>>> print(open('structure04.cif').read())   # mmCIF, N, CA and C atoms
data_work
#
loop_
_atom_site.group_PDB
_atom_site.id
_atom_site.type_symbol
_atom_site.label_atom_id
_atom_site.label_comp_id
_atom_site.auth_asym_id
_atom_site.auth_seq_id
_atom_site.Cartn_x
_atom_site.Cartn_y
_atom_site.Cartn_z
ATOM 1 N N MET A 1 12.617 -5.564 3.957
ATOM 2 C CA MET A 1 11.776 -4.396 3.803
ATOM 3 C C MET A 1 11.333 -4.305 2.346
ATOM 4 N N PHE A 2 10.048 -4.003 2.134
ATOM 5 C CA PHE A 2 9.518 -3.761 0.805
ATOM 6 C C PHE A 2 9.616 -2.265 0.515
ATOM 7 N N TYR A 3 9.961 -1.895 -0.710
ATOM 8 C CA TYR A 3 9.938 -0.499 -1.124
ATOM 9 C C TYR A 3 8.635 -0.202 -1.862
ATOM 10 N N TYR A 4 8.275 -1.076 -2.792
ATOM 11 C CA TYR A 4 6.980 -0.982 -3.456
ATOM 12 C C TYR A 4 6.547 -2.367 -3.898
ATOM 13 N N LEU A 5 5.255 -2.492 -4.178
ATOM 14 C CA LEU A 5 4.687 -3.687 -4.785
ATOM 15 C C LEU A 5 4.118 -3.285 -6.130
ATOM 16 N N GLN A 6 4.397 -4.096 -7.141
ATOM 17 C CA GLN A 6 3.877 -3.806 -8.475
ATOM 18 C C GLN A 6 3.282 -5.082 -9.041
ATOM 19 N N GLY A 7 2.085 -4.963 -9.558
ATOM 20 C CA GLY A 7 1.406 -6.105 -10.145
ATOM 21 C C GLY A 7 0.006 -5.695 -10.554
ATOM 22 N N GLU A 8 -0.860 -6.678 -10.676
ATOM 23 C CA GLU A 8 -2.237 -6.419 -11.070
ATOM 24 C C GLU A 8 -3.123 -6.293 -9.836
ATOM 25 N N LEU A 9 -4.010 -5.317 -9.856
ATOM 26 C CA LEU A 9 -4.923 -5.126 -8.733
ATOM 27 C C LEU A 9 -6.006 -6.210 -8.782
ATOM 28 N N ALA A 10 -6.008 -7.094 -7.783
ATOM 29 C CA ALA A 10 -6.928 -8.228 -7.756
ATOM 30 C C ALA A 10 -8.185 -7.936 -6.937
ATOM 31 N N TYR A 11 -8.088 -7.029 -5.957
ATOM 32 C CA TYR A 11 -9.219 -6.721 -5.074
ATOM 33 C C TYR A 11 -9.050 -5.300 -4.568
ATOM 34 N N ARG A 12 -10.198 -4.626 -4.351
ATOM 35 C CA ARG A 12 -10.133 -3.261 -3.829
ATOM 36 C C ARG A 12 -11.407 -2.960 -3.069
ATOM 37 N N ASP A 13 -11.256 -2.376 -1.879
ATOM 38 C CA ASP A 13 -12.363 -1.711 -1.209
ATOM 39 C C ASP A 13 -11.810 -0.410 -0.659
ATOM 40 N N MET A 14 -12.535 0.269 0.188
ATOM 41 C CA MET A 14 -12.111 1.601 0.621
ATOM 42 C C MET A 14 -10.946 1.597 1.610
ATOM 43 N N SER A 15 -10.572 0.447 2.145
ATOM 44 C CA SER A 15 -9.455 0.442 3.098
ATOM 45 C C SER A 15 -8.427 -0.646 2.819
ATOM 46 N N CYS A 16 -8.647 -1.484 1.810
ATOM 47 C CA CYS A 16 -7.729 -2.586 1.534
ATOM 48 C C CYS A 16 -7.661 -2.853 0.038
ATOM 49 N N CYS A 17 -6.447 -3.136 -0.432
ATOM 50 C CA CYS A 17 -6.233 -3.540 -1.809
ATOM 51 C C CYS A 17 -5.340 -4.766 -1.815
ATOM 52 N N VAL A 18 -5.551 -5.626 -2.795
ATOM 53 C CA VAL A 18 -4.695 -6.798 -2.966
ATOM 54 C C VAL A 18 -4.008 -6.677 -4.317
ATOM 55 N N ILE A 19 -2.676 -6.690 -4.289
ATOM 56 C CA ILE A 19 -1.870 -6.625 -5.490
ATOM 57 C C ILE A 19 -1.326 -8.025 -5.762
ATOM 58 N N ASP A 20 -1.629 -8.562 -6.939
ATOM 59 C CA ASP A 20 -1.126 -9.874 -7.345
ATOM 60 C C ASP A 20 0.252 -9.679 -7.954
ATOM 61 N N CYS A 21 1.270 -10.151 -7.251
ATOM 62 C CA CYS A 21 2.656 -10.040 -7.703
ATOM 63 C C CYS A 21 3.175 -11.438 -8.022
ATOM 64 N N GLY A 22 3.078 -11.841 -9.260
ATOM 65 C CA GLY A 22 3.567 -13.146 -9.669
ATOM 66 C C GLY A 22 2.853 -14.301 -8.995
ATOM 67 N N GLY A 23 1.574 -14.190 -8.786
ATOM 68 C CA GLY A 23 0.799 -15.268 -8.189
ATOM 69 C C GLY A 23 0.660 -15.201 -6.685
ATOM 70 N N VAL A 24 1.267 -14.208 -6.050
ATOM 71 C CA VAL A 24 1.129 -14.001 -4.609
ATOM 72 C C VAL A 24 0.356 -12.711 -4.394
ATOM 73 N N GLY A 25 -0.735 -12.787 -3.639
ATOM 74 C CA GLY A 25 -1.551 -11.605 -3.370
ATOM 75 C C GLY A 25 -1.137 -10.933 -2.083
ATOM 76 N N TYR A 26 -0.691 -9.694 -2.162
ATOM 77 C CA TYR A 26 -0.290 -8.919 -0.993
ATOM 78 C C TYR A 26 -1.424 -7.976 -0.622
ATOM 79 N N GLY A 27 -1.970 -8.142 0.573
ATOM 80 C CA GLY A 27 -3.016 -7.265 1.067
ATOM 81 C C GLY A 27 -2.402 -6.033 1.696
ATOM 82 N N CYS A 28 -2.826 -4.865 1.249
ATOM 83 C CA CYS A 28 -2.288 -3.598 1.745
ATOM 84 C C CYS A 28 -3.424 -2.741 2.275
ATOM 85 N N ARG A 29 -3.223 -2.149 3.423
ATOM 86 C CA ARG A 29 -4.157 -1.147 3.918
ATOM 87 C C ARG A 29 -3.884 0.129 3.137
ATOM 88 N N VAL A 30 -4.956 0.781 2.690
ATOM 89 C CA VAL A 30 -4.803 1.980 1.866
ATOM 90 C C VAL A 30 -5.787 3.055 2.308
ATOM 91 N N SER A 31 -5.470 4.289 1.924
ATOM 92 C CA SER A 31 -6.393 5.399 2.167
ATOM 93 C C SER A 31 -7.483 5.381 1.087
ATOM 94 N N ALA A 32 -8.551 6.105 1.329
ATOM 95 C CA ALA A 32 -9.620 6.220 0.330
ATOM 96 C C ALA A 32 -9.088 6.873 -0.947
ATOM 97 N N TYR A 33 -8.158 7.811 -0.792
ATOM 98 C CA TYR A 33 -7.553 8.467 -1.955
ATOM 99 C C TYR A 33 -6.827 7.450 -2.829
ATOM 100 N N THR A 34 -5.980 6.629 -2.217
ATOM 101 C CA THR A 34 -5.235 5.618 -2.971
ATOM 102 C C THR A 34 -6.186 4.616 -3.604
ATOM 103 N N ALA A 35 -7.162 4.129 -2.846
ATOM 104 C CA ALA A 35 -8.122 3.157 -3.382
ATOM 105 C C ALA A 35 -8.847 3.727 -4.602
ATOM 106 N N GLY A 36 -9.163 5.002 -4.566
ATOM 107 C CA GLY A 36 -9.867 5.632 -5.671
ATOM 108 C C GLY A 36 -9.036 5.779 -6.932
ATOM 109 N N GLN A 37 -7.719 5.736 -6.801
ATOM 110 C CA GLN A 37 -6.827 5.882 -7.948
ATOM 111 C C GLN A 37 -6.586 4.568 -8.685
ATOM 112 N N LEU A 38 -6.937 3.446 -8.055
ATOM 113 C CA LEU A 38 -6.632 2.122 -8.601
ATOM 114 C C LEU A 38 -7.846 1.512 -9.291
ATOM 115 N N LYS A 39 -7.595 0.747 -10.349
ATOM 116 C CA LYS A 39 -8.662 0.085 -11.097
ATOM 117 C C LYS A 39 -8.422 -1.423 -11.083
ATOM 118 N N LEU A 40 -9.498 -2.188 -10.847
ATOM 119 C CA LEU A 40 -9.406 -3.648 -10.811
ATOM 120 C C LEU A 40 -8.845 -4.208 -12.113
ATOM 121 N N ASN A 41 -8.033 -5.262 -11.963
ATOM 122 C CA ASN A 41 -7.446 -5.994 -13.090
ATOM 123 C C ASN A 41 -6.559 -5.129 -13.980
ATOM 124 N N GLN A 42 -6.044 -4.034 -13.418
ATOM 125 C CA GLN A 42 -5.121 -3.155 -14.134
ATOM 126 C C GLN A 42 -3.780 -3.141 -13.388
ATOM 127 N N PRO A 43 -2.682 -2.837 -14.071
ATOM 128 C CA PRO A 43 -1.395 -2.741 -13.397
ATOM 129 C C PRO A 43 -1.430 -1.664 -12.306
ATOM 130 N N ALA A 44 -0.757 -1.948 -11.204
ATOM 131 C CA ALA A 44 -0.720 -1.001 -10.085
ATOM 132 C C ALA A 44 0.637 -1.068 -9.401
ATOM 133 N N ARG A 45 1.033 0.051 -8.829
ATOM 134 C CA ARG A 45 2.249 0.110 -8.006
ATOM 135 C C ARG A 45 1.897 0.867 -6.734
ATOM 136 N N LEU A 46 2.192 0.264 -5.600
ATOM 137 C CA LEU A 46 1.990 0.910 -4.307
ATOM 138 C C LEU A 46 3.316 0.988 -3.573
ATOM 139 N N TYR A 47 3.629 2.178 -3.055
ATOM 140 C CA TYR A 47 4.799 2.346 -2.202
ATOM 141 C C TYR A 47 4.417 1.860 -0.809
ATOM 142 N N ILE A 48 5.309 1.150 -0.164
ATOM 143 C CA ILE A 48 4.975 0.379 1.029
ATOM 144 C C ILE A 48 5.637 0.924 2.285
ATOM 145 N N THR A 49 4.846 0.955 3.356
ATOM 146 C CA THR A 49 5.349 1.160 4.709
ATOM 147 C C THR A 49 4.877 -0.034 5.523
ATOM 148 N N GLU A 50 5.807 -0.697 6.196
ATOM 149 C CA GLU A 50 5.472 -1.879 6.984
ATOM 150 C C GLU A 50 5.350 -1.508 8.454
ATOM 151 N N SER A 51 4.456 -2.185 9.133
ATOM 152 C CA SER A 51 4.296 -2.039 10.578
ATOM 153 C C SER A 51 4.343 -3.443 11.177
ATOM 154 N N ILE A 52 5.438 -3.730 11.873
ATOM 155 C CA ILE A 52 5.630 -5.055 12.452
ATOM 156 C C ILE A 52 5.588 -4.927 13.968
ATOM 157 N N ARG A 53 4.608 -5.610 14.555
ATOM 158 C CA ARG A 53 4.459 -5.615 16.007
ATOM 159 C C ARG A 53 4.384 -7.057 16.465
ATOM 160 N N GLU A 54 4.361 -7.245 17.757
ATOM 161 C CA GLU A 54 4.298 -8.591 18.316
ATOM 162 C C GLU A 54 3.056 -9.339 17.853
ATOM 163 N N ASP A 55 1.941 -8.633 17.707
ATOM 164 C CA ASP A 55 0.674 -9.287 17.383
ATOM 165 C C ASP A 55 0.170 -9.024 15.965
ATOM 166 N N ALA A 56 0.940 -8.314 15.142
ATOM 167 C CA ALA A 56 0.449 -7.998 13.804
ATOM 168 C C ALA A 56 1.591 -7.637 12.858
ATOM 169 N N TYR A 57 1.361 -7.921 11.595
ATOM 170 C CA TYR A 57 2.259 -7.500 10.516
ATOM 171 C C TYR A 57 1.375 -6.839 9.465
ATOM 172 N N ASP A 58 1.419 -5.521 9.387
ATOM 173 C CA ASP A 58 0.563 -4.765 8.484
ATOM 174 C C ASP A 58 1.394 -4.114 7.394
ATOM 175 N N ILE A 59 0.826 -4.094 6.206
ATOM 176 C CA ILE A 59 1.438 -3.430 5.059
ATOM 177 C C ILE A 59 0.517 -2.282 4.658
ATOM 178 N N TYR A 60 1.075 -1.072 4.606
ATOM 179 C CA TYR A 60 0.324 0.113 4.191
ATOM 180 C C TYR A 60 0.821 0.509 2.799
ATOM 181 N N GLY A 61 -0.111 0.696 1.863
ATOM 182 C CA GLY A 61 0.251 1.034 0.495
ATOM 183 C C GLY A 61 -0.183 2.444 0.146
ATOM 184 N N PHE A 62 0.659 3.125 -0.630
ATOM 185 C CA PHE A 62 0.408 4.513 -1.014
ATOM 186 C C PHE A 62 0.624 4.675 -2.507
ATOM 187 N N ILE A 63 -0.226 5.452 -3.144
ATOM 188 C CA ILE A 63 -0.169 5.646 -4.582
ATOM 189 C C ILE A 63 1.074 6.427 -5.009
ATOM 190 N N ASP A 64 1.588 7.293 -4.145
ATOM 191 C CA ASP A 64 2.804 8.040 -4.472
ATOM 192 C C ASP A 64 3.634 8.277 -3.218
ATOM 193 N N ARG A 65 4.870 8.691 -3.433
ATOM 194 C CA ARG A 65 5.814 8.894 -2.323
ATOM 195 C C ARG A 65 5.383 10.051 -1.422
ATOM 196 N N GLU A 66 4.722 11.049 -1.973
ATOM 197 C CA GLU A 66 4.285 12.200 -1.165
ATOM 198 C C GLU A 66 3.267 11.768 -0.107
ATOM 199 N N GLU A 67 2.295 10.951 -0.496
ATOM 200 C CA GLU A 67 1.319 10.454 0.465
ATOM 201 C C GLU A 67 2.001 9.579 1.523
ATOM 202 N N GLN A 68 2.961 8.784 1.096
ATOM 203 C CA GLN A 68 3.703 7.928 2.032
ATOM 204 C C GLN A 68 4.499 8.774 3.034
ATOM 205 N N ARG A 69 5.171 9.791 2.554
ATOM 206 C CA ARG A 69 5.954 10.660 3.456
ATOM 207 C C ARG A 69 5.048 11.359 4.466
ATOM 208 N N CYS A 70 3.890 11.805 4.031
ATOM 209 C CA CYS A 70 2.928 12.442 4.942
ATOM 210 C C CYS A 70 2.516 11.477 6.030
ATOM 211 N N TYR A 71 2.172 10.239 5.664
ATOM 212 C CA TYR A 71 1.796 9.212 6.636
ATOM 213 C C TYR A 71 2.940 8.967 7.629
ATOM 214 N N GLU A 72 4.157 8.832 7.118
ATOM 215 C CA GLU A 72 5.297 8.569 8.000
ATOM 216 C C GLU A 72 5.558 9.724 8.949
ATOM 217 N N LEU A 73 5.385 10.957 8.485
ATOM 218 C CA LEU A 73 5.529 12.121 9.371
ATOM 219 C C LEU A 73 4.475 12.107 10.468
ATOM 220 N N LEU A 74 3.229 11.818 10.113
ATOM 221 C CA LEU A 74 2.149 11.790 11.093
ATOM 222 C C LEU A 74 2.355 10.694 12.143
ATOM 223 N N THR A 75 2.829 9.548 11.728
ATOM 224 C CA THR A 75 2.983 8.434 12.673
ATOM 225 C C THR A 75 4.278 8.498 13.468
ATOM 226 N N SER A 76 5.170 9.399 13.110
ATOM 227 C CA SER A 76 6.436 9.514 13.854
ATOM 228 C C SER A 76 6.339 10.475 15.043
ATOM 229 N N VAL A 77 5.238 11.166 15.179
ATOM 230 C CA VAL A 77 5.069 12.141 16.253
ATOM 231 C C VAL A 77 4.880 11.419 17.582
#
>>> encode(input="structure04.cif", output="structure tokens")
Amino acid sequence: MFYYLQGELAYRDMSCCVIDCGGVGYGCRVSAYTAGQLKLNQPARLYITESIREDAYDIYGFIDREEQRCYELLTSV
């Protein structure tokens, strides 16, 4: 399980960010709020929630723990 990813922001659009962590790029699904807080080629830290299913392995990144907790509450219903 990942708790957070920290590295340089290599790519960003409104729903996906790539964090370069020691030469490995981790693609994370993000909210528009989180994407707006990040700047290309600058240090970034995203708190991670993983979704592992038979047909997919998705990583969701959040700029802070509060946004992550909100997402986890919404998806636990």
>>> resolve_selection(input="structure04.cif", expression="the PyMOL selection byres (((chain A and resi 53-65 and name CA) around 10) and name CA)", output="PyMOL selection string")
chain A and resi 2-5+15-19+26-31+33-38+44-52+66-71
>>> select_by_dssp(input="structure04.cif", residues="chain A", states="strand (DSSP E)", output="number ranges by chain")
A: 4-12, 16-21, 24-29, 43-53, 56-62
>>> resolve_selection(input="structure04.cif", expression="the PyMOL selection byres ((chain A and resi 8) around 7)", output="list in words")
Gln6, Gly7, Leu9, Ala10, Tyr11, Val18, Ile19, Asp20, Cys21, Gly22, Leu40, Asn41, Gln42, Pro43 and Ala44 of chain A
>>> select_by_dssp(input="structure04.cif", residues="chain A", states="alpha helix (DSSP H)", output="PyMOL selection string")
chain A and resi 32-37+65-75
>>> atom_distance(input="structure04.cif", atom1="atom N of A:Glu72", atom2="atom N of A:Ala32")
14.2 Å
>>> build_atoms(input="structure04.cif", residues="stretch 25-43 of chain A", atoms="N, CA, C and O atoms", output="mmCIF file, in the frame of the given file")
data_model
loop_
_atom_site.group_PDB
_atom_site.id
_atom_site.type_symbol
_atom_site.label_atom_id
_atom_site.label_comp_id
_atom_site.auth_asym_id
_atom_site.auth_seq_id
_atom_site.Cartn_x
_atom_site.Cartn_y
_atom_site.Cartn_z
ATOM 1 N N GLY A 25 -0.735 -12.787 -3.639
ATOM 2 C CA GLY A 25 -1.551 -11.605 -3.370
ATOM 3 C C GLY A 25 -1.137 -10.933 -2.083
ATOM 4 O O GLY A 25 -1.213 -11.538 -1.021
ATOM 5 N N TYR A 26 -0.691 -9.694 -2.162
ATOM 6 C CA TYR A 26 -0.290 -8.919 -0.993
ATOM 7 C C TYR A 26 -1.424 -7.976 -0.622
ATOM 8 O O TYR A 26 -1.793 -7.116 -1.419
ATOM 9 N N GLY A 27 -1.970 -8.142 0.573
ATOM 10 C CA GLY A 27 -3.016 -7.265 1.067
ATOM 11 C C GLY A 27 -2.402 -6.033 1.696
ATOM 12 O O GLY A 27 -1.540 -6.141 2.562
ATOM 13 N N CYS A 28 -2.826 -4.865 1.249
ATOM 14 C CA CYS A 28 -2.288 -3.598 1.745
ATOM 15 C C CYS A 28 -3.424 -2.741 2.275
ATOM 16 O O CYS A 28 -4.457 -2.593 1.618
ATOM 17 N N ARG A 29 -3.223 -2.149 3.423
ATOM 18 C CA ARG A 29 -4.157 -1.147 3.918
ATOM 19 C C ARG A 29 -3.884 0.129 3.137
ATOM 20 O O ARG A 29 -2.726 0.509 2.937
ATOM 21 N N VAL A 30 -4.956 0.781 2.690
ATOM 22 C CA VAL A 30 -4.803 1.980 1.866
ATOM 23 C C VAL A 30 -5.787 3.055 2.308
ATOM 24 O O VAL A 30 -6.795 2.772 2.945
ATOM 25 N N SER A 31 -5.470 4.289 1.924
ATOM 26 C CA SER A 31 -6.393 5.399 2.167
ATOM 27 C C SER A 31 -7.483 5.381 1.087
ATOM 28 O O SER A 31 -7.339 4.748 0.037
ATOM 29 N N ALA A 32 -8.551 6.105 1.329
ATOM 30 C CA ALA A 32 -9.620 6.220 0.330
ATOM 31 C C ALA A 32 -9.088 6.873 -0.947
ATOM 32 O O ALA A 32 -9.494 6.513 -2.050
ATOM 33 N N TYR A 33 -8.158 7.811 -0.792
ATOM 34 C CA TYR A 33 -7.553 8.467 -1.955
ATOM 35 C C TYR A 33 -6.827 7.450 -2.829
ATOM 36 O O TYR A 33 -7.028 7.403 -4.041
ATOM 37 N N THR A 34 -5.980 6.629 -2.217
ATOM 38 C CA THR A 34 -5.235 5.618 -2.971
ATOM 39 C C THR A 34 -6.186 4.616 -3.604
ATOM 40 O O THR A 34 -6.062 4.287 -4.785
ATOM 41 N N ALA A 35 -7.162 4.129 -2.846
ATOM 42 C CA ALA A 35 -8.122 3.157 -3.382
ATOM 43 C C ALA A 35 -8.847 3.727 -4.602
ATOM 44 O O ALA A 35 -9.088 3.014 -5.573
ATOM 45 N N GLY A 36 -9.163 5.002 -4.566
ATOM 46 C CA GLY A 36 -9.867 5.632 -5.671
ATOM 47 C C GLY A 36 -9.036 5.779 -6.932
ATOM 48 O O GLY A 36 -9.577 5.932 -8.023
ATOM 49 N N GLN A 37 -7.719 5.736 -6.801
ATOM 50 C CA GLN A 37 -6.827 5.882 -7.948
ATOM 51 C C GLN A 37 -6.586 4.568 -8.685
ATOM 52 O O GLN A 37 -6.080 4.564 -9.804
ATOM 53 N N LEU A 38 -6.937 3.446 -8.055
ATOM 54 C CA LEU A 38 -6.632 2.122 -8.601
ATOM 55 C C LEU A 38 -7.846 1.512 -9.291
ATOM 56 O O LEU A 38 -8.976 1.705 -8.851
ATOM 57 N N LYS A 39 -7.595 0.747 -10.349
ATOM 58 C CA LYS A 39 -8.662 0.085 -11.097
ATOM 59 C C LYS A 39 -8.422 -1.423 -11.083
ATOM 60 O O LYS A 39 -7.299 -1.883 -11.295
ATOM 61 N N LEU A 40 -9.498 -2.188 -10.847
ATOM 62 C CA LEU A 40 -9.406 -3.648 -10.811
ATOM 63 C C LEU A 40 -8.845 -4.208 -12.113
ATOM 64 O O LEU A 40 -9.138 -3.696 -13.197
ATOM 65 N N ASN A 41 -8.033 -5.262 -11.963
ATOM 66 C CA ASN A 41 -7.446 -5.994 -13.090
ATOM 67 C C ASN A 41 -6.559 -5.129 -13.980
ATOM 68 O O ASN A 41 -6.343 -5.448 -15.138
ATOM 69 N N GLN A 42 -6.044 -4.034 -13.418
ATOM 70 C CA GLN A 42 -5.121 -3.155 -14.134
ATOM 71 C C GLN A 42 -3.780 -3.141 -13.388
ATOM 72 O O GLN A 42 -3.727 -3.395 -12.186
ATOM 73 N N PRO A 43 -2.682 -2.837 -14.071
ATOM 74 C CA PRO A 43 -1.395 -2.741 -13.397
ATOM 75 C C PRO A 43 -1.430 -1.664 -12.306
ATOM 76 O O PRO A 43 -2.062 -0.620 -12.475
#
